[in-house]
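**Q** The structure under discussion is supplied below as C-alpha cells; questions concerning it will follow.
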Amino acid sequence: MLLHLIGNGGETLQVAAFRAMVNILTRVQQESVDDGERNLFLVNYVDFAFDDFGGRQPPVYPGLSTVWGSLARSKAKGYRVGPVYDDVLAMAWFFLELIVKSIALEQTRLFYHNLPSGEDVPPMQLKEGVFRCIMQLYDCLLTEVHERCKKGLGLAKYLNSSLAFFCYDLLSTIEPRQVFELVSLYLDKFSGVCQSVLHDCKLTFLQILCDHDLFVEMPGRDPSDRNYLSSILIQEIFLTWDHEDLSMRAKAARMLVVLLCKHEFDIRYQKLEDKLYIAQLYFPLVGQMLDEMPVFYNLGSSEKREVLITILQIIRNLDDTSLIKAWQQSIARTRLFFKLLEECLIHFEHRKPDDSMLMGSSSRSPLGDKPFPSKYSDRLSPAINHYLLEAARQEVGPQGTPENGYLWQRVNSQLSSPSQPYSLREALAQAQSSRIGASTLALRESLHPILRQKLELWEENLSAAVSLQVLEIIEKFSGAVASHTIATDYGKLDCITSIFMIVFSHNQPLAFWKALFPVFNSVFELHGATLMARENDRFLKQIAFHLLRLAVFRNVNVRKRAVIGLQILVRSSFSYFMQTSRLRVVLTITLSELMSEVQVTHMKSDGTLEESGEACRLRKSLEEMADESESFNIFEEFGLPEKPLVASNEQSPEHCCTWSEVKVLSDSLLLALDASLEHALLASVMTLDRYSAAESFYKLAMAFAPVPDLHIMWLLHLCDAHQEMQSWAEAAQCAVAVAGVVMQALVFRNDGVWSSDHVCALRKICPMVSGEISSEASAAEVEGYGASKLTVDSAVKYLQLANKLFSQAELHHFCASILELVIPVYKSRRAYGQLAKCHTMLTNIYESILEQESSPIPFADATYYRVGFYGEKFGKLNRKEYVYREARDVRLGDIMEKLSHIYESRLDGTTLHVIPDSRQVKADELQAEACYLQITAVDPVMEDEDLGSRRERIFSLSTGSVRARVFDRFLFDTPFTKNGKTQGGLEDQWKRRSVLQTEGSFPALVNRLEVMKSESLEFSPVENAIGMIETRTAALRNELEEPRSSEGDQLPRLQSLQRILQGSVAVQVNSGVLSVCTAFLSGEPATRLRSQELQQLIAALLEFMAVCKRAIRVHFRLIGDEDQEFHTQLVNGFQSLTAELSHYIPAILSEL
C-alpha cells in the first residue's frame, strides 16, 4: 500500500507514505546491523520491492521523482532545522538506495537488448542534468555530515555511512570517473587532518569505498592516471598516521592490513602480473614513508608492526626494476629504506620464553636485558579473523597427517566445545571480543594448550617469513651494489652491514639460519674488501661476536653454520689483506666479551666446579673451524657454492689461505678459551692458592696478548695480585711488561721519544717484553680497543710504578735502569724539575747499591725452592717440578707449611706427604692413592759461575761488582754414599750437584717457573774434601784482598777477619782440616788415592795454612791492646795445627 501511495498518491501522501516506509525499515535495520551500519537484508528487499522485473510491473519512477523534488524544494525553502528536516535526513539512506536502484533499472533497460549474451553490463554515463541533481543532493547531505559531526551528533556518522555506500553502489553502475567527482567533493570538505570525529568519518568513508570488488581495477580521474582511489587512500592513510588521536592511527593501519589481506586472498589476482600491479599501486606509500620517517617513529608498536607487514607485502610482490629505481634516488633515501627493514626484523623477532635454552644455562643471554616483545598475533582483530574464517575451517590436513610436527586433530571434546573453538583464529577472535585478551598473558592462558602451541608455531613462521623476505632484499641489493647502479655509501655499505648486525643480534628461527649463510657467503665474495675494511670495524666486531655466540648453541645445525661463518671471515681476510692478524685481534676481543656473557663453568653435585656445556661446545666449534675434512663436508651438506677457504678464481694461488694459518688462528682462540676457563674454575680457591691465581692471570695476559688493551688489563690484575702477596719484584715485572707494551706500540708508530734500543734495555729487565706484540699493536685498532690509547704518559706512569715496586723489593740496579728510560722523556719536554728528581733518585739508588755490596753479610733479595709434585690428584702438576721465588725471610719450614696448607684443602681428603730430603724421586714406587711434595732449597747460579767447581757455594753470590739479579739456573747439592746411606765418613761421602734450568728467568711475572731441564754432576769424597779446604782459603783471601770501606782506606774489617780466622785455626774447630788428613792421608785411604789427587789435596792444605799465617800477621797489625789475648790464642791454635799436620805432611814445617 505504501509503495502504491508513493507511486500514485499526491505529493503530500507520497512524502507521508515514503516517511512511513523509511521508519519501518529503519526500525528493522536497528535490530540487525553489521559493522558498516548497512543491513544487507534491507538492501535486498529494496532491490526486490522496486524492481520492475524487466518491464513486467509498473515502475515507481513517477513517485520517486516527486519525493526527490519535494526534498529538494524543502531544502530550497530553507527547512534546515526542526524535526521535519531531521526526518528527511533520517530517510536519506533509503532514498539513496532508491536512486541507485533507479539508475540500475535504467542501465538494464538501455543495454538489455544491445548486450551480447555472457557479457557484463557496462557502466552508464549519467546525463549532465541528472548528475548535477545527484551532486546537489550529495553536497547537501555532505554539508550536514560535516556540520553535525562538529556538534558530535550521532546522526552524522549514520549519514556518512549512507553516503559511502551510495558511492560504493554507484561504482558498480555508472562511469567510475563520475563517482570520483563525488569522492573528490567529499575529500574537499574533509581535507587535511580534521577533528577526530570528522577524521573517523573520513576513514569510514574510505574503508567502505575501497572494499569494492573492482577497487584494484579502478582507473584514475584522468585517462593517463592510475587508480584514483588507491592514491587517495594512500594519501589519507599516511595523513592519519600523523593524527594526534591514537585510535585513528590504529584504524588507518588496520584498514591497510585488511585491504592487502583481501588482495592476497582474492582468487582473481593470483597471477604474478596481477600481484605486481597491486604492489605498484601501493608502492608510493613506501616512498611517502621514506620522505616522512618521523611519522613512522611516532606510531605505537602495534601500529608499527601493521605498517611494516604491509610494506613487506608490497615489496614481496614488487619487481627488481622498481626496487632498484627506488634505490637510485639518493644515498639518504636508500639508507632510510633499509632502516624500515631493520624495524621489520626488530618488531617481528620471535622470542620463545625458553630461548635461552639454546645456549644452555647461560648466565645472561646477549639479549637478556631487553623487554619481552608483545606478539603481532596478540593484535589480530576480529575483522581479519572474520575475513579468514573460511580459510581457517580448511586447516585440517588429511586424517593422521602431522603438520609441522604436530597432529592438528580434535584430540578431545574440549577442542570441539563451543567455549573452545577448534580454529586458532576463531579462538583469538572469541577471546578478544569477550575481552579475555586484556593482556598478552591472559589471552594466551585462555587458549587450549594445543592452540597455544599452534599460536607459537604461527608466530615463529611469521618471524621466519619476515626475516627471509629481508634476506632476499639484501641479496638483490648486494647484486645491485656490485653493478654500481644505485645510490648508496660504497665506502662502508652501511645498508648491508646494519641489516646483518640486526639479523645476528636477534633471535631467528632455524629456517632462517639455514638460508642466511649462502647469502652471507655471496655478499662477502662480492664486497669482502669493503666489509672487512677499518671503516667497518664495528660491523666486523659484532658479526664475529655473534658468530662465536652461535658457536655455543646446542642446536648442531646452528653451530655448524657458525663455523662456516667464521671460515668465510677467515677466507675474506686472507683474500683481501693477505693476512689474518687483524681478524685474530677482532676474534680475540669478541671472545673476551663472550666469556662474560656465557657461563663457562657449572657446579657438580659434590660442590666442585667443572667445564660447562657452553664452553665444551665453543671449544668443539673452534676445533672444527680448523678441521679441513670436516669443513668440506659441512660446505657440501649445506649446499654452499664453493669449497671453504678458497679464494675466487681470479685470485692467484698464493692469495689463498692455508689450513695451517687457520689452525694457528684456531689455536690462539682456544688458548684464550682455556685460560678463561681455568680462571673461572679457580674462582673458589683464588684467595687460598695465590700461586695458582697469579698463574691464571698470567695465562690470561698471554692468551689475550694480540690485543694490547686486554693484555694490559690482565697484567694489571696480576700486578695487583702480587702486591697483595707482597711479591714486590713480580709486581714490578708486571708494571715493566705493561710499560713495554706501550713503548713498543709507540716505537712501532714512531710516535715517541724512545727507539728500539730503549725497548732492548727494557727487555733486559723483563725478558717477556718481546717484539711480537708491537707488530699487531696497529692491527688492534678496533672500536674501543687499540694502540691509539697507548701514550708516552701512560708508559711513564707504569715505569714509575715499576721503579717504586723494585725499590720495595730492594732490587736497586733495576731501578737505575728504569730511571734511565724515564729521563729522555723529561729531557724532550724540558721538564727540569722532574729531571732533578730523577737524578736525586739515581744518587740514592747508587748509594743503596754500594751499601748492599759493602755489607759484611752477602745481600740476598729472595730465597728459592724447588718443589716437585707427585700424585694423580695434582692433575696437570703431576710429576712436574717448579722453582718458587720467595721473600728472603721465608725458610724451608715456612714454605713446607704454606704449600701443605694449600694442597691439603684442595685434595679432598687425599693424604699429602712431604718428602724431607732432596734425593731423586722414583714416582712409580710411590703409593698411587697418595700425593707427595718434595721441597728443596736451591741457590741461584750467576751467569759466569763455574758449575764444575768443587768448592762449597757459601760466598759465590757476594763476589763481583753490581750485576743484574736475573736467574734462570739453580743448583742444590745432595750428599750420598755408594753403599746407599745418605751420610758416611769423609772417605765415603760423595756429593751430587743438580742444576735446574727454568722456562724463564726470575724475577718473573709469576712466583714459580717450571723446570724445563735438569742436569747433575757427581763429586768424589776426595774432591769434596779439597773443595771444602779451597772454600775456606777463598773466604780468607777474599777478606784480605777485597776493599771494604767507602772512606777509602783499603784495610779489611777486623771483626769479619776475626770470625773467619777463629773458624779456621782455633784448636777446638781444627777437626775439619785434621779430619781430612786422617781420612785421606793415613792408612788404607792414602793408598787408594791417585797421585794427582794426593798432590791436589796436599797443595790445598799448604795454601790454606799459608793464607792463615798471612791473615794472622794482618790481624796483629789491626788489633789494639784489648785483642792481644785473642791474638795469642790464634797464634797458639795455628802452631798446634801446624804440628798436627806435620805428621801427615812433613814438608809443611819448611813451607811455613
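Letters for chains follow the order of the C-alpha cells (A, B, ...), residue numbers begin at 1 for each chain, and ligand numbers begin at 1 in the order shown.
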Can you list every residue in segment 252-346 of chain A that DSSP puts in alpha helix (DSSP H), as an MDAnalysis selection string?
**A** chainID A and resid 252:265 272:291 293:297 301:316 320:327 331:346
**Q** With a distance cut-off of 9 Å and only C-alpha atoms, select the neighbouring residues of segment 117-125 of chain A, excluding the residue or stretch itself and same-chain residues fewer than 6 positions from it, and output the selection as number ranges by chain.
**A** A: 103-104, 106-108, 110-111, 171-176, 178
**Q** Show which residues sit within 7 Å of segment 729-733 of chain A, as a list in words. Count only C-alpha atoms, and ignore same-chain residues fewer than 5 positions away.
**A**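 The filter keeps Cys719, His722, Gln723, Cys766, Ala802, Leu805, Phe806, Ala809, Pro1003, Ala1004, Leu1005, Val1006 and Asn1007 of chain A.
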**Q** Ranking A:Ala1139, A:Leu471, A:Cys1077, A:Leu566 by minimum distance to Val519 of chain A and counting only C-alpha atoms, which one comes first?
**A** A:Leu471
**Q** Neighbours of Ser848 of chain A within 12 Å (only C-alpha atoms; same-chain residues fewer than 3 positions away dropped), as a VMD selection string?
**A** chain A and resid 807 810 to 813 815 to 816 841 to 845 851 to 855 859 962
**Q** Keeping only N, CA, C and O atoms, write those residues as a PDB file, in the first residue's frame.
**A**
```pdb
ATOM      1  N   SER A 807     112.042  -0.806  44.111  1.00  0.00           N
ATOM      2  CA  SER A 807     112.676  -0.201  45.278  1.00  0.00           C
ATOM      3  C   SER A 807     112.235  -0.933  46.550  1.00  0.00           C
ATOM      4  O   SER A 807     113.041  -1.209  47.444  1.00  0.00           O
ATOM      5  N   GLU A 810     114.030  -3.974  46.954  1.00  0.00           N
ATOM      6  CA  GLU A 810     115.455  -3.700  47.148  1.00  0.00           C
ATOM      7  C   GLU A 810     116.295  -4.189  45.968  1.00  0.00           C
ATOM      8  O   GLU A 810     117.458  -4.530  46.128  1.00  0.00           O
ATOM      9  N   LEU A 811     115.705  -4.200  44.782  1.00  0.00           N
ATOM     10  CA  LEU A 811     116.454  -4.528  43.557  1.00  0.00           C
ATOM     11  C   LEU A 811     116.817  -3.201  42.880  1.00  0.00           C
ATOM     12  O   LEU A 811     116.242  -2.796  41.869  1.00  0.00           O
ATOM     13  N   HIS A 812     117.802  -2.517  43.490  1.00  0.00           N
ATOM     14  CA  HIS A 812     118.080  -1.130  43.097  1.00  0.00           C
ATOM     15  C   HIS A 812     118.692  -1.013  41.706  1.00  0.00           C
ATOM     16  O   HIS A 812     118.530   0.009  41.045  1.00  0.00           O
ATOM     17  N   HIS A 813     119.406  -2.065  41.264  1.00  0.00           N
ATOM     18  CA  HIS A 813     120.021  -1.986  39.934  1.00  0.00           C
ATOM     19  C   HIS A 813     118.936  -1.894  38.851  1.00  0.00           C
ATOM     20  O   HIS A 813     119.120  -1.252  37.828  1.00  0.00           O
ATOM     21  N   CYS A 815     116.022  -0.380  39.356  1.00  0.00           N
ATOM     22  CA  CYS A 815     115.517   0.995  39.478  1.00  0.00           C
ATOM     23  C   CYS A 815     116.350   1.944  38.626  1.00  0.00           C
ATOM     24  O   CYS A 815     115.819   2.832  37.941  1.00  0.00           O
ATOM     25  N   ALA A 816     117.667   1.755  38.673  1.00  0.00           N
ATOM     26  CA  ALA A 816     118.560   2.622  37.893  1.00  0.00           C
ATOM     27  C   ALA A 816     118.268   2.496  36.407  1.00  0.00           C
ATOM     28  O   ALA A 816     118.152   3.502  35.681  1.00  0.00           O
ATOM     29  N   MET A 841     117.041  10.725  42.735  1.00  0.00           N
ATOM     30  CA  MET A 841     116.691   9.322  42.968  1.00  0.00           C
ATOM     31  C   MET A 841     117.827   8.409  42.526  1.00  0.00           C
ATOM     32  O   MET A 841     118.142   7.410  43.202  1.00  0.00           O
ATOM     33  N   LEU A 842     118.451   8.733  41.394  1.00  0.00           N
ATOM     34  CA  LEU A 842     119.569   7.915  40.913  1.00  0.00           C
ATOM     35  C   LEU A 842     120.712   7.915  41.928  1.00  0.00           C
ATOM     36  O   LEU A 842     121.332   6.874  42.190  1.00  0.00           O
ATOM     37  N   THR A 843     120.975   9.082  42.492  1.00  0.00           N
ATOM     38  CA  THR A 843     122.032   9.169  43.515  1.00  0.00           C
ATOM     39  C   THR A 843     121.727   8.224  44.680  1.00  0.00           C
ATOM     40  O   THR A 843     122.577   7.446  45.128  1.00  0.00           O
ATOM     41  N   ASN A 844     120.494   8.305  45.159  1.00  0.00           N
ATOM     42  CA  ASN A 844     120.090   7.442  46.285  1.00  0.00           C
ATOM     43  C   ASN A 844     120.182   5.963  45.909  1.00  0.00           C
ATOM     44  O   ASN A 844     120.579   5.121  46.723  1.00  0.00           O
ATOM     45  N   ILE A 845     119.815   5.652  44.665  1.00  0.00           N
ATOM     46  CA  ILE A 845     119.829   4.259  44.203  1.00  0.00           C
ATOM     47  C   ILE A 845     121.257   3.719  44.206  1.00  0.00           C
ATOM     48  O   ILE A 845     121.527   2.627  44.731  1.00  0.00           O
ATOM     49  N   GLU A 851     125.927   0.239  49.360  1.00  0.00           N
ATOM     50  CA  GLU A 851     125.703  -0.260  50.710  1.00  0.00           C
ATOM     51  C   GLU A 851     125.499  -1.778  50.699  1.00  0.00           C
ATOM     52  O   GLU A 851     126.039  -2.498  51.546  1.00  0.00           O
ATOM     53  N   GLN A 852     124.698  -2.259  49.700  1.00  0.00           N
ATOM     54  CA  GLN A 852     124.489  -3.708  49.587  1.00  0.00           C
ATOM     55  C   GLN A 852     125.804  -4.426  49.323  1.00  0.00           C
ATOM     56  O   GLN A 852     126.082  -5.481  49.898  1.00  0.00           O
ATOM     57  N   GLU A 853     126.635  -3.856  48.435  1.00  0.00           N
ATOM     58  CA  GLU A 853     127.882  -4.506  48.053  1.00  0.00           C
ATOM     59  C   GLU A 853     128.899  -4.540  49.201  1.00  0.00           C
ATOM     60  O   GLU A 853     129.696  -5.459  49.310  1.00  0.00           O
ATOM     61  N   SER A 854     128.849  -3.486  50.055  1.00  0.00           N
ATOM     62  CA  SER A 854     129.876  -3.396  51.104  1.00  0.00           C
ATOM     63  C   SER A 854     129.456  -4.081  52.401  1.00  0.00           C
ATOM     64  O   SER A 854     130.207  -4.115  53.368  1.00  0.00           O
ATOM     65  N   SER A 855     128.233  -4.624  52.419  1.00  0.00           N
ATOM     66  CA  SER A 855     127.747  -5.271  53.640  1.00  0.00           C
ATOM     67  C   SER A 855     128.559  -6.532  53.931  1.00  0.00           C
ATOM     68  O   SER A 855     128.863  -7.307  53.027  1.00  0.00           O
ATOM     69  N   PHE A 859     124.208  -9.878  50.428  1.00  0.00           N
ATOM     70  CA  PHE A 859     122.806  -9.500  50.231  1.00  0.00           C
ATOM     71  C   PHE A 859     122.093 -10.554  49.378  1.00  0.00           C
ATOM     72  O   PHE A 859     122.576 -10.963  48.319  1.00  0.00           O
ATOM     73  N   VAL A 962     128.392  -4.834  41.055  1.00  0.00           N
ATOM     74  CA  VAL A 962     126.933  -4.763  40.858  1.00  0.00           C
ATOM     75  C   VAL A 962     126.551  -5.502  39.586  1.00  0.00           C
ATOM     76  O   VAL A 962     127.129  -5.279  38.537  1.00  0.00           O
TER      77      VAL A 962
END
```
**Q** With a distance cut-off of 12 Å and only C-alpha atoms, select the neighbouring residues of His717 of chain A, excluding the residue or stretch itself and same-chain residues fewer than 5 positions from it, and output the selection as a VMD selection string.
**A** chain A and resid 693 to 701 710 to 712 722 to 724 731 734 to 735 738 1005
**Q** So which residues touch Ile99 of chain A within 9 Å, counting only C-alpha atoms, skipping near sequence neighbours fewer than 3 positions away, as a list in words?
**A** Leu64, Phe94, Phe95, Leu96, Ser102, Ile103, Ala104, Ile134 and Phe166 of chain A
**Q** Convert the current residue selection to file output with all heavy atoms, as an mmCIF file, in the first residue's frame.
**A**
```cif
data_model
loop_
_atom_site.group_PDB
_atom_site.id
_atom_site.type_symbol
_atom_site.label_atom_id
_atom_site.label_comp_id
_atom_site.auth_asym_id
_atom_site.auth_seq_id
_atom_site.Cartn_x
_atom_site.Cartn_y
_atom_site.Cartn_z
ATOM 1 N N LEU A 64 9.011 8.358 -7.140
ATOM 2 C CA LEU A 64 10.364 8.683 -6.679
ATOM 3 C C LEU A 64 10.732 10.107 -7.084
ATOM 4 O O LEU A 64 11.303 10.858 -6.300
ATOM 5 C CB LEU A 64 11.368 7.702 -7.265
ATOM 6 C CG LEU A 64 11.363 6.281 -6.650
ATOM 7 C CD1 LEU A 64 12.337 5.388 -7.401
ATOM 8 C CD2 LEU A 64 11.720 6.318 -5.181
ATOM 9 N N PHE A 94 17.673 5.538 2.730
ATOM 10 C CA PHE A 94 16.726 4.776 1.920
ATOM 11 C C PHE A 94 16.565 5.429 0.555
ATOM 12 O O PHE A 94 16.528 4.769 -0.484
ATOM 13 C CB PHE A 94 15.390 4.714 2.672
ATOM 14 C CG PHE A 94 14.374 3.836 2.006
ATOM 15 C CD1 PHE A 94 14.622 2.484 1.836
ATOM 16 C CD2 PHE A 94 13.168 4.365 1.546
ATOM 17 C CE1 PHE A 94 13.683 1.671 1.226
ATOM 18 C CE2 PHE A 94 12.244 3.542 0.937
ATOM 19 C CZ PHE A 94 12.489 2.199 0.778
ATOM 20 N N PHE A 95 16.530 6.733 0.590
ATOM 21 C CA PHE A 95 16.358 7.454 -0.663
ATOM 22 C C PHE A 95 17.566 7.243 -1.584
ATOM 23 O O PHE A 95 17.423 7.063 -2.792
ATOM 24 C CB PHE A 95 16.158 8.943 -0.352
ATOM 25 C CG PHE A 95 15.762 9.722 -1.563
ATOM 26 C CD1 PHE A 95 14.496 9.522 -2.145
ATOM 27 C CD2 PHE A 95 16.628 10.616 -2.164
ATOM 28 C CE1 PHE A 95 14.125 10.229 -3.275
ATOM 29 C CE2 PHE A 95 16.258 11.298 -3.298
ATOM 30 C CZ PHE A 95 15.002 11.116 -3.857
ATOM 31 N N LEU A 96 18.779 7.215 -0.979
ATOM 32 C CA LEU A 96 19.985 6.992 -1.782
ATOM 33 C C LEU A 96 19.984 5.593 -2.390
ATOM 34 O O LEU A 96 20.406 5.391 -3.531
ATOM 35 C CB LEU A 96 21.238 7.188 -0.914
ATOM 36 C CG LEU A 96 21.477 8.627 -0.406
ATOM 37 C CD1 LEU A 96 22.624 8.670 0.583
ATOM 38 C CD2 LEU A 96 21.739 9.577 -1.571
ATOM 39 N N SER A 102 17.126 3.027 -9.134
ATOM 40 C CA SER A 102 16.521 3.592 -10.348
ATOM 41 C C SER A 102 17.553 3.680 -11.476
ATOM 42 O O SER A 102 17.260 3.394 -12.645
ATOM 43 C CB SER A 102 15.930 4.972 -10.057
ATOM 44 O OG SER A 102 16.967 5.865 -9.683
ATOM 45 N N ILE A 103 18.807 4.028 -11.120
ATOM 46 C CA ILE A 103 19.861 4.117 -12.150
ATOM 47 C C ILE A 103 20.152 2.726 -12.698
ATOM 48 O O ILE A 103 20.324 2.536 -13.909
ATOM 49 C CB ILE A 103 21.126 4.753 -11.553
ATOM 50 C CG1 ILE A 103 20.882 6.223 -11.225
ATOM 51 C CG2 ILE A 103 22.310 4.634 -12.517
ATOM 52 C CD1 ILE A 103 21.996 6.891 -10.451
ATOM 53 N N ALA A 104 20.164 1.729 -11.772
ATOM 54 C CA ALA A 104 20.439 0.359 -12.221
ATOM 55 C C ALA A 104 19.364 -0.138 -13.179
ATOM 56 O O ALA A 104 19.647 -0.798 -14.181
ATOM 57 C CB ALA A 104 20.544 -0.565 -11.017
ATOM 58 N N ILE A 134 22.094 14.841 -8.632
ATOM 59 C CA ILE A 134 22.688 13.937 -7.639
ATOM 60 C C ILE A 134 23.778 14.667 -6.850
ATOM 61 O O ILE A 134 23.866 14.572 -5.617
ATOM 62 C CB ILE A 134 23.261 12.691 -8.333
ATOM 63 C CG1 ILE A 134 22.117 11.828 -8.873
ATOM 64 C CG2 ILE A 134 24.129 11.875 -7.370
ATOM 65 C CD1 ILE A 134 22.561 10.604 -9.636
ATOM 66 N N PHE A 166 26.415 4.761 -0.859
ATOM 67 C CA PHE A 166 25.859 5.326 -2.096
ATOM 68 C C PHE A 166 26.939 5.360 -3.183
ATOM 69 O O PHE A 166 26.727 4.885 -4.314
ATOM 70 C CB PHE A 166 25.329 6.732 -1.786
ATOM 71 C CG PHE A 166 24.789 7.459 -2.987
ATOM 72 C CD1 PHE A 166 23.755 6.904 -3.756
ATOM 73 C CD2 PHE A 166 25.306 8.704 -3.362
ATOM 74 C CE1 PHE A 166 23.249 7.581 -4.866
ATOM 75 C CE2 PHE A 166 24.801 9.370 -4.466
ATOM 76 C CZ PHE A 166 23.781 8.817 -5.223
#
```
**Q** Counting only C-alpha atoms, which of A:His901, A:Lys275, A:Arg1090, A:Arg1032 gets nearest to Val1073 of chain A?
**A**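 Of the candidates, the smallest distance to Val1073 of chain A is held by A:Arg1032.
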**Q** Which one is closest to Cys201 of chain A: A:Val769, A:Val130, A:Leu424, A:Leu163? Count only C-alpha atoms.
**A** A:Leu163
**Q** Point out the residue among A:Ile564, A:Cys261, A:Ala156, A:Met248 with the least atom-to-atom distance to Glu637 of chain A, counting only C-alpha atoms.
**A**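 Between A:Ile564, A:Cys261, A:Ala156, A:Met248, the residue approaching Glu637 of chain A most closely is A:Ile564.
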**Q** Using atom CA of Thr12 of chain A and atom CA of Met91 of chain A as the two end points, give the distance in Å to one decimal.
**A** 15.7 Å
